[in-house]
Amino acid sequence: MGNHNHCTVSRRAFTLGAVVVLAGCSSTGEDRGPSRPAGGDAAPTSLGPPPTFTGDLAPLVEQVTVPPDLPEAAPTIFRGVRLFDGEKVTEEVDVILAGGLVTAVGSGLEEPEGAEVVDGAGHTLMPGMIDSHVHAFPESQEEAARFGVLTELDMFVAVDLADQMAEQQASGATERADIFSATSMATAPDGHGTQFEVDDLEFLTEPSQALGWVEDRVAEGAAYIKIVVESGGDFQALDQQTVGALVEAAHAHGLRAIVHAQSLEDTLVALSVPLDGLAHAPRDELPPSVVERIGEMGIFVVTTAGMAQPTKHKPAFDDDRVIDRVNPELLGYFRRPTYASDDTWATMLPTLQALHAAGVPMLAGTDSGNPGTLSGAGMLVELDILVEAGMTPVEALAAATSAPADTWGLMDRGRIAEGLRGDVLLVEGDPTTGIQDLHGIVGVWKWGVPVELGLA
Ligand SMILES: [Zn+2]
């Protein structure tokens with residue numbers, strides 16, 4: 001309880017080692033345990049009238065732009081494959097990748113000259129996955145790509161690294177996931193996030209600082225704004241007025257505002273402002289009125305359910321198809337216990353179920369960078385959990401493909417359709433009916449270029 005470890009992370013040396021330290025610092029404070037309401041709907045709810053949305057959100061990527069210097073790759077034709085296109089399943093389809101893009105989807109397609117032919121019998125082709133909550137480091141992007149996660153949305157990273165990553169993305173680096181980043185996060189002095197002691201973390205103490213703070217993030221290239229409302233443990237939280245001012249400032253720049261809130265109390269603060277989404281499914285039991293409000297507001301929830309699960313019963317941890325391909329240097333980290341307790345886990349499945357039933361867009365996110373999860377393989381854990389929570393396998397797969405593409409405005413990916421990016425993965429079996437088949441990834445292509453999987 002009251003864990004407030006001090007670890008130093010330099011923005012100039014944000015390497016794998018530093019990330020292990022970062023995560024060792026308890027980034028989410030779950031070890032404080034959930035603060036539970038006294039009972040059912042008698043919770044300390046003070047749901048005022050719903051906030052009014054402001055601003056016009058810009059898509060993160062408006063259209064397909066093929067990077068000029070992609071590695072050379074022959075066209076690929078998948079013959080007679082089961083296709084999950086991001087939304088629905090079609091049996092026995094041909095799909096062609098060429099020049100970085102999906103160029104045709106149909107049956108009996110003509111083979112392009114010099115094409116690699118992939119027999120799709122017994123296999124499923126699906127869009128490259130999108131992880132809507134990571135804390136990225138260079139090795140993690142490669143790890144992600146090898147497990148078919150070709151886009152990662154970072155929720156707080158060192159700025160220098162963000163620059164590096166943007167460069168790689170523009171160059172079409174095909175062996176690593178694309179990254180979008182919040183760059184920093186808005187928090188109070190002694191707020192959640194300060195335990196990492198990242199140099200130059202800019203704190204806020206009052207609403208008047210919000211616009212300047214957001215402008216600084218815009219200058220750093222932030223793709224969206226991450227705001228922390230965390231009053232657990234010893235942390236100081238931003239007040240409601242400052243959170244509201246940050247959301248407004250984000251919207252003034254066309255940026256989405258994503259709020260970290262995990263307790264019921266903090267979630268109520270988040271829901272009093274016109275935010276766009278929650279960075280985590282809350283850890284506390286949510287009264288039905290709060291679930292309803294989240295549904296009415298039309299905001300999204302990033303699941304990060306794997307982080308609410310103690311290490312036991314994660315099927316991916318015992319599956320050689322997964323474990324044998326995880327970077328051995330990261331394996332111990334992946335299997336380390338999370339900060340979660342049995343209580344947080346007991347609450348998580350019903351919460352996911354209730355949010356899903358209320359029609360809330362659910363986006364799969366791992367919170368990788370923390371122990372007990374990992375870029376890439378952690379997504380397989382996450383989707384297993386979403387199905388355990390009652391989503392159909394197709395809904396869970398959509399939470400990692402078309403749903404985040406629609407929510408973030410990633411108009412060039414998240415689906416397999418003519419003219420979109422050639423970001424696909426090939427799976428043995430049928431994850432659209434048995435989600436754990438997704439553990440058996442046998443091929444990944446980014447911009448139509450095969451990714452080295454490291455299969456023996
Ligand atoms: Zn996080």
# chains A, B, ... in the order shown; residues from 1 in each chain; ligands from 1

call {"tool": "residues_around", "arguments": {"residues": "Leu125 (chain A)", "least_positions_apart": "5", "cutoff": "8 Å", "atoms": "only C-alpha atoms", "output": "ChimeraX atom specification"}}
result
/A:81-85,424-427

call {"tool": "residues_near_ligand", "arguments": {"ligand": "ligand 1", "cutoff": "9 Å", "atoms": "only C-alpha atoms and all ligand atoms", "output": "VMD selection string"}}
result
chain A and resid 27 to 28 133 to 135 154 to 156 260 279 to 280 304 366 to 370

call {"tool": "write_last_selection", "arguments": {"atoms": "all heavy atoms", "output": "CSV table (one decimal), in the first residue's frame"}}
result
chain,number,residue,atom,x,y,z
A,27,SER,N,3.3,1.5,-12.5
A,27,SER,CA,2.8,2.7,-13.2
A,27,SER,C,1.3,2.8,-13.0
A,27,SER,O,0.8,3.9,-13.3
A,27,SER,CB,3.1,2.5,-14.7
A,27,SER,OG,2.2,1.6,-15.2
A,28,THR,N,0.6,1.8,-12.5
A,28,THR,CA,-0.8,2.0,-12.5
A,28,THR,C,-1.4,1.9,-11.0
A,28,THR,O,-2.6,2.2,-10.8
A,28,THR,CB,-1.5,0.9,-13.3
A,28,THR,OG1,-0.9,-0.3,-13.1
A,28,THR,CG2,-1.5,1.3,-14.8
A,133,HIS,N,-3.1,0.9,-26.2
A,133,HIS,CA,-2.5,1.4,-25.0
A,133,HIS,C,-1.1,0.7,-24.8
A,133,HIS,O,-1.1,-0.4,-24.3
A,133,HIS,CB,-3.4,1.2,-23.8
A,133,HIS,CG,-2.9,1.9,-22.6
A,133,HIS,ND1,-3.8,2.5,-21.7
A,133,HIS,CD2,-1.7,2.1,-22.0
A,133,HIS,CE1,-3.1,3.1,-20.7
A,133,HIS,NE2,-1.8,2.8,-20.9
A,134,VAL,N,-0.1,1.4,-25.1
A,134,VAL,CA,1.3,0.8,-24.8
A,134,VAL,C,2.2,1.9,-24.2
A,134,VAL,O,1.8,3.1,-24.3
A,134,VAL,CB,2.0,0.3,-26.1
A,134,VAL,CG1,1.2,-0.8,-26.8
A,134,VAL,CG2,2.4,1.4,-27.0
A,135,HIS,N,3.3,1.5,-23.6
A,135,HIS,CA,4.4,2.4,-23.3
A,135,HIS,C,5.5,1.8,-24.0
A,135,HIS,O,6.1,0.8,-23.7
A,135,HIS,CB,4.6,2.5,-21.8
A,135,HIS,CG,3.4,3.0,-21.1
A,135,HIS,ND1,3.1,4.3,-21.0
A,135,HIS,CD2,2.3,2.3,-20.5
A,135,HIS,CE1,1.9,4.4,-20.4
A,135,HIS,NE2,1.4,3.3,-20.1
A,154,ASP,N,0.9,4.9,-28.1
A,154,ASP,CA,1.7,5.0,-26.9
A,154,ASP,C,1.0,6.1,-26.0
A,154,ASP,O,0.5,7.1,-26.5
A,154,ASP,CB,3.1,5.5,-27.2
A,154,ASP,CG,3.9,5.8,-26.0
A,154,ASP,OD1,4.5,4.9,-25.4
A,154,ASP,OD2,3.9,7.0,-25.6
A,155,MET,N,1.0,5.8,-24.7
A,155,MET,CA,0.3,6.7,-23.8
A,155,MET,C,1.2,7.4,-22.8
A,155,MET,O,0.8,7.7,-21.7
A,155,MET,CB,-0.8,5.8,-23.0
A,155,MET,CG,-2.0,5.4,-23.9
A,155,MET,SD,-2.9,6.8,-24.5
A,155,MET,CE,-3.7,6.0,-25.9
A,156,PHE,N,2.4,7.5,-23.2
A,156,PHE,CA,3.4,8.3,-22.4
A,156,PHE,C,4.8,7.7,-22.6
A,156,PHE,O,5.0,6.5,-22.2
A,156,PHE,CB,3.1,8.2,-20.9
A,156,PHE,CG,4.2,8.8,-19.9
A,156,PHE,CD1,4.8,9.9,-20.2
A,156,PHE,CD2,4.5,8.1,-18.8
A,156,PHE,CE1,5.8,10.4,-19.4
A,156,PHE,CE2,5.5,8.6,-17.9
A,156,PHE,CZ,6.1,9.7,-18.2
A,260,HIS,N,-6.8,8.7,-17.9
A,260,HIS,CA,-6.5,7.5,-17.0
A,260,HIS,C,-7.3,7.8,-15.8
A,260,HIS,O,-7.1,8.7,-15.1
A,260,HIS,CB,-5.0,7.5,-16.8
A,260,HIS,CG,-4.6,6.7,-15.5
A,260,HIS,ND1,-3.8,5.6,-15.6
A,260,HIS,CD2,-4.9,6.9,-14.2
A,260,HIS,CE1,-3.6,5.1,-14.4
A,260,HIS,NE2,-4.2,5.9,-13.5
A,279,ALA,N,-8.5,5.5,-20.8
A,279,ALA,CA,-7.3,4.7,-21.1
A,279,ALA,C,-7.3,3.3,-20.5
A,279,ALA,O,-6.5,2.5,-20.9
A,279,ALA,CB,-6.1,5.5,-20.6
A,280,HIS,N,-8.2,3.1,-19.6
A,280,HIS,CA,-8.3,1.8,-18.9
A,280,HIS,C,-9.8,1.5,-18.7
A,280,HIS,O,-10.6,2.4,-18.4
A,280,HIS,CB,-7.6,1.7,-17.6
A,280,HIS,CG,-6.2,2.1,-17.6
A,280,HIS,ND1,-5.2,1.2,-17.9
A,280,HIS,CD2,-5.6,3.2,-17.3
A,280,HIS,CE1,-4.0,1.7,-17.8
A,280,HIS,NE2,-4.2,3.0,-17.4
A,304,THR,N,-7.2,-2.9,-21.5
A,304,THR,CA,-6.1,-3.2,-20.6
A,304,THR,C,-6.5,-4.2,-19.5
A,304,THR,O,-6.1,-4.1,-18.3
A,304,THR,CB,-5.5,-1.9,-19.9
A,304,THR,OG1,-6.4,-1.3,-19.0
A,304,THR,CG2,-5.1,-0.9,-21.0
A,366,THR,N,-3.0,-3.3,-24.3
A,366,THR,CA,-2.2,-4.1,-23.4
A,366,THR,C,-1.6,-3.4,-22.2
A,366,THR,O,-1.4,-4.0,-21.1
A,366,THR,CB,-1.0,-4.8,-24.1
A,366,THR,OG1,-0.2,-3.8,-24.6
A,366,THR,CG2,-1.5,-5.7,-25.2
A,367,ASP,N,-1.4,-2.1,-22.3
A,367,ASP,CA,-0.6,-1.3,-21.3
A,367,ASP,C,0.8,-1.9,-21.2
A,367,ASP,O,1.5,-1.9,-20.2
A,367,ASP,CB,-1.2,-1.4,-19.9
A,367,ASP,CG,-0.9,-0.1,-19.1
A,367,ASP,OD1,-0.2,0.7,-19.6
A,367,ASP,OD2,-1.5,0.0,-18.0
A,368,SER,N,1.3,-2.5,-22.3
A,368,SER,CA,2.7,-3.0,-22.3
A,368,SER,C,3.7,-2.0,-22.0
A,368,SER,O,3.5,-0.8,-22.2
A,368,SER,CB,3.0,-3.6,-23.7
A,368,SER,OG,3.3,-2.6,-24.6
A,369,GLY,N,4.8,-2.4,-21.4
A,369,GLY,CA,5.8,-1.6,-20.7
A,369,GLY,C,5.7,-1.8,-19.2
A,369,GLY,O,6.6,-1.6,-18.5
A,370,ASN,N,4.5,-2.4,-18.8
A,370,ASN,CA,4.4,-2.8,-17.5
A,370,ASN,C,4.6,-4.3,-17.4
A,370,ASN,O,4.5,-5.1,-18.3
A,370,ASN,CB,2.9,-2.6,-17.0
A,370,ASN,CG,2.7,-1.1,-16.7
A,370,ASN,OD1,3.2,-0.6,-15.7
A,370,ASN,ND2,1.9,-0.5,-17.6

call {"tool": "atom_distance", "arguments": {"atom1": "CA of Ala281 (chain A)", "atom2": "CA of Arg335 (chain A)"}}
result
21.7 Å

call {"tool": "closest_residue", "arguments": {"among": "A:Ser140, A:Asp190, A:Asp437, A:Gly254", "to": "Asp234 (chain A)", "atoms": "only C-alpha atoms"}}
result
A:Asp190

call {"tool": "atom_distance", "arguments": {"atom1": "CA of Val360 (chain A)", "atom2": "CA of Lys88 (chain A)"}}
result
19.2 Å

call {"tool": "select_by_dssp", "arguments": {"residues": "region 156-340 of chain A", "states": "alpha helix (DSSP H)", "output": "ChimeraX atom specification"}}
result
/A:159-170,210-220,240-252,264-270,288-297,320-323,328-335

call {"tool": "residues_around", "arguments": {"residues": "Thr407 (chain A)", "least_positions_apart": "4", "cutoff": "12 Å", "atoms": "only C-alpha atoms", "output": "PyMOL selection string"}}
result
chain A and resi 57-61+130+132+256+258+276-277+298-302+360-364+398-403+411+413-414
